[in-house]
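start-v6.json follows (JSON, C-alpha atoms):
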[["chain", "number", "residue", "atom", "x", "y", "z"],
["U", 1240, "MET", "CA", 118.37, 112.06, 103.79],
["U", 1241, "ARG", "CA", 116.05, 109.21, 102.89],
["U", 1242, "ALA", "CA", 114.55, 107.65, 99.79],
["U", 1243, "GLU", "CA", 110.94, 106.83, 99.02],
["U", 1244, "VAL", "CA", 109.85, 104.28, 96.42],
["U", 1245, "ALA", "CA", 106.67, 104.53, 94.36],
["U", 1246, "GLY", "CA", 105.28, 101.64, 92.33],
["U", 1247, "ASP", "CA", 103.64, 103.61, 89.52],
["U", 1248, "GLY", "CA", 103.40, 107.07, 88.01],
["U", 1249, "LEU", "CA", 100.38, 108.20, 90.04],
["U", 1250, "ALA", "CA", 102.13, 107.15, 93.25],
["U", 1251, "VAL", "CA", 105.16, 109.20, 92.18],
["U", 1252, "LEU", "CA", 103.01, 112.32, 91.79],
["U", 1253, "ALA", "CA", 101.37, 111.76, 95.19],
["U", 1254, "SER", "CA", 104.76, 111.23, 96.80],
["U", 1255, "VAL", "CA", 106.20, 114.39, 95.24],
["U", 1256, "GLU", "CA", 103.27, 116.44, 96.58],
["U", 1257, "ARG", "CA", 103.68, 114.95, 100.04],
["U", 1258, "GLU", "CA", 107.46, 114.76, 100.38],
["U", 1259, "ARG", "CA", 108.88, 117.63, 98.24],
["U", 1260, "PRO", "CA", 111.99, 115.67, 97.16],
["U", 1261, "ARG", "CA", 115.25, 117.27, 96.10],
["U", 1262, "VAL", "CA", 115.90, 114.57, 93.48],
["U", 1263, "ILE", "CA", 113.44, 112.41, 91.56],
["U", 1264, "LEU", "CA", 114.58, 109.24, 89.79],
["U", 1265, "LEU", "CA", 112.02, 107.84, 87.37],
["U", 1266, "ASP", "CA", 111.85, 104.69, 85.33],
["U", 1267, "LEU", "CA", 110.52, 105.64, 81.90],
["U", 1268, "MET", "CA", 108.47, 102.42, 81.75],
["U", 1269, "MET", "CA", 106.16, 102.43, 84.78],
["U", 1270, "PRO", "CA", 102.58, 101.19, 85.09],
["U", 1271, "GLY", "CA", 99.81, 103.76, 84.89],
["U", 1272, "LEU", "CA", 101.53, 107.02, 84.00],
["U", 1273, "ASP", "CA", 104.94, 106.35, 82.49],
["U", 1274, "GLY", "CA", 108.08, 108.34, 83.27],
["U", 1275, "PHE", "CA", 107.55, 110.63, 80.27],
["U", 1276, "GLN", "CA", 104.03, 111.52, 81.45],
["U", 1277, "VAL", "CA", 105.15, 112.06, 85.04],
["U", 1278, "THR", "CA", 108.00, 114.30, 83.88],
["U", 1279, "ARG", "CA", 105.70, 116.39, 81.69],
["U", 1280, "HIS", "CA", 103.28, 116.78, 84.60],
["U", 1281, "LEU", "CA", 106.05, 117.79, 87.05],
["U", 1282, "LYS", "CA", 107.53, 120.31, 84.61],
["U", 1283, "ALA", "CA", 104.11, 121.86, 83.97],
["U", 1284, "ASN", "CA", 103.13, 121.84, 87.68],
["U", 1285, "PRO", "CA", 106.34, 122.02, 89.73],
["U", 1286, "PRO", "CA", 105.92, 121.59, 93.46],
["U", 1287, "PRO", "CA", 107.32, 124.47, 95.54],
["U", 1288, "PRO", "CA", 110.41, 125.20, 96.39],
["U", 1289, "ALA", "CA", 112.59, 122.14, 97.03],
["U", 1290, "PHE", "CA", 112.14, 120.89, 93.45],
["U", 1291, "ARG", "CA", 114.71, 122.19, 90.95],
["U", 1292, "SER", "CA", 115.96, 121.15, 87.58],
["U", 1293, "SER", "CA", 119.62, 120.56, 87.10],
["U", 1294, "PRO", "CA", 121.85, 122.19, 84.53],
["U", 1295, "SER", "CA", 122.02, 120.52, 81.13],
["U", 1296, "ARG", "CA", 124.03, 117.32, 80.86],
["U", 1297, "ARG", "CA", 125.15, 115.03, 78.06],
["U", 1298, "TRP", "CA", 122.66, 112.52, 76.69],
["U", 1299, "PRO", "CA", 124.32, 109.17, 75.89],
["U", 1300, "ASP", "CA", 121.45, 107.45, 74.05],
["U", 1301, "PRO", "CA", 119.96, 109.52, 71.19],
["U", 1302, "THR", "CA", 117.02, 107.12, 70.61],
["U", 1303, "ILE", "CA", 115.71, 107.80, 74.11],
["U", 1304, "ALA", "CA", 117.29, 111.21, 74.61],
["U", 1305, "LYS", "CA", 115.02, 113.05, 72.16],
["U", 1306, "PRO", "CA", 111.68, 111.92, 73.65],
["U", 1307, "ALA", "CA", 113.04, 112.20, 77.20],
["U", 1308, "LEU", "CA", 114.31, 115.74, 76.56],
["U", 1309, "ALA", "CA", 111.00, 116.66, 74.92],
["U", 1310, "ALA", "CA", 109.18, 115.41, 78.04],
["U", 1311, "GLY", "CA", 111.43, 117.59, 80.23],
["U", 1312, "CYS", "CA", 113.91, 115.08, 81.67],
["U", 1313, "ASP", "CA", 117.15, 116.65, 82.85],
["U", 1314, "GLU", "CA", 119.22, 113.47, 82.81],
["U", 1315, "PHE", "CA", 119.14, 109.94, 81.47],
["U", 1316, "VAL", "CA", 120.91, 106.98, 83.07],
["U", 1317, "ARG", "CA", 120.77, 103.90, 80.89],
["U", 1318, "LYS", "CA", 120.12, 100.47, 82.44],
["U", 1319, "PRO", "CA", 121.98, 98.51, 83.45],
["U", 1320, "PHE", "CA", 123.92, 101.22, 85.25],
["U", 1321, "GLU", "CA", 126.96, 101.26, 87.47],
["U", 1322, "LEU", "CA", 126.15, 102.36, 91.03],
["U", 1323, "ASP", "CA", 129.09, 104.80, 90.98],
["U", 1324, "ASP", "CA", 127.64, 106.48, 87.87],
["U", 1325, "LEU", "CA", 124.19, 106.77, 89.43],
["U", 1326, "GLU", "CA", 125.68, 108.14, 92.64],
["U", 1327, "ALA", "CA", 127.60, 110.79, 90.68],
["U", 1328, "VAL", "CA", 124.42, 111.92, 88.94],
["U", 1329, "ILE", "CA", 122.48, 112.12, 92.23],
["U", 1330, "ARG", "CA", 125.31, 114.02, 93.94],
["U", 1331, "GLY", "CA", 125.36, 116.50, 91.06],
["U", 1332, "TYR", "CA", 121.67, 117.25, 91.52],
["U", 1333, "LEU", "CA", 121.98, 117.57, 95.29],
["U", 1334, "GLU", "CA", 124.83, 120.06, 94.85],
["U", 1335, "VAL", "CA", 122.68, 122.15, 92.48],
["U", 1336, "GLY", "CA", 119.88, 122.22, 95.05],
["U", 1337, "SER", "CA", 122.13, 123.18, 97.97]]
In structure tokens, write the structure found in this file.
Amino acid sequence: MRAEVAGDGLAVLASVERERPRVILLDLMMPGLDGFQVTRHLKANPPPPAFRSSPSRRWPDPTIAKPALAAGCDEFVRKPFELDDLEAVIRGYLEVGS
């Protein structure tokens, strides 16, 4: 498994088309298209078949949770985050896609 980094929302969309990732981590505040816009685009135009949503999870921050959920986000990890917490979230998504 490997990771790819994209510097803005348009680069994320190009990378998703090219790489077909199993997990996508987005910053909500990116240049160009923000994370909300990228999420809405991916949910409306999902790439085949490696891309899957995860089951519902708890949303710890209601001020961001509502717009993120409305955009189609499946998870929200608040910054600053603990690496163990982020790893647990990623592992959960990889297990769903197995």
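Pairwise distance (atom CA of Phe1320 of chain U, atom CA of Pro1260 of chain U) equals 22.2 Å.
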* Radius query 9 Å about (109.7, 114.5, 96.3), atoms used: all atoms listed in the file, as a list of chain:residue names -> U:Glu1243, U:Val1251, U:Leu1252, U:Ala1253, U:Ser1254, U:Val1255, U:Glu1256, U:Arg1257, U:Glu1258, U:Arg1259, U:Pro1260, U:Arg1261, U:Val1262, U:Ile1263, U:Pro1286, U:Ala1289, U:Phe1290
What box, with edges along x, y and z, holds each listed atom of segment 1242-1258 of chain U when 6 Å is added on every side, and can you state its centre and edge lengths in Å to one decimal, as AutoDock Vina command-line options?
--center_x 107.5 --center_y 109.0 --center_z 94.2 --size_x 26.2 --size_y 26.8 --size_z 24.4
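Pairwise distance (atom CA of Asp1266 of chain U, atom CA of Arg1241 of chain U) equals 18.6 Å.
Straight-line separation from atom CA of Ala1307 of chain U to atom CA of Thr1278 of chain U: 8.6 Å.
In this comparison, which uses all atoms listed in the file, the residue of U:Met1269, U:Leu1264, U:Ala1250, U:Ala1283 approaching Ile1329 of chain U most closely is U:Leu1264.
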* **Pick from U:Ile1303, U:Leu1267, U:Leu1249, U:Leu1308 nearest to Lys1282 of chain U, counting all atoms listed in the file** => U:Leu1308
* Using all atoms listed in the file, find all polymer residues with an atom at most 9 Å away from the point (103.7, 102.6, 88.6); report them as number ranges by chain. => U: 1245-1251, 1268-1274
C-alpha atoms of the current selection, written as a PDB file, in the frame of the given file:
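Output (selection-v1.pdb):
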ATOM      1  CA  ALA U1245     106.670 104.530  94.360  1.00  0.00           C
ATOM      2  CA  GLY U1246     105.280 101.640  92.330  1.00  0.00           C
ATOM      3  CA  ASP U1247     103.640 103.610  89.520  1.00  0.00           C
ATOM      4  CA  GLY U1248     103.400 107.070  88.010  1.00  0.00           C
ATOM      5  CA  LEU U1249     100.380 108.200  90.040  1.00  0.00           C
ATOM      6  CA  ALA U1250     102.130 107.150  93.250  1.00  0.00           C
ATOM      7  CA  VAL U1251     105.160 109.200  92.180  1.00  0.00           C
ATOM      8  CA  MET U1268     108.470 102.420  81.750  1.00  0.00           C
ATOM      9  CA  MET U1269     106.160 102.430  84.780  1.00  0.00           C
ATOM     10  CA  PRO U1270     102.580 101.190  85.090  1.00  0.00           C
ATOM     11  CA  GLY U1271      99.810 103.760  84.890  1.00  0.00           C
ATOM     12  CA  LEU U1272     101.530 107.020  84.000  1.00  0.00           C
ATOM     13  CA  ASP U1273     104.940 106.350  82.490  1.00  0.00           C
ATOM     14  CA  GLY U1274     108.080 108.340  83.270  1.00  0.00           C
TER      15      GLY U1274
END
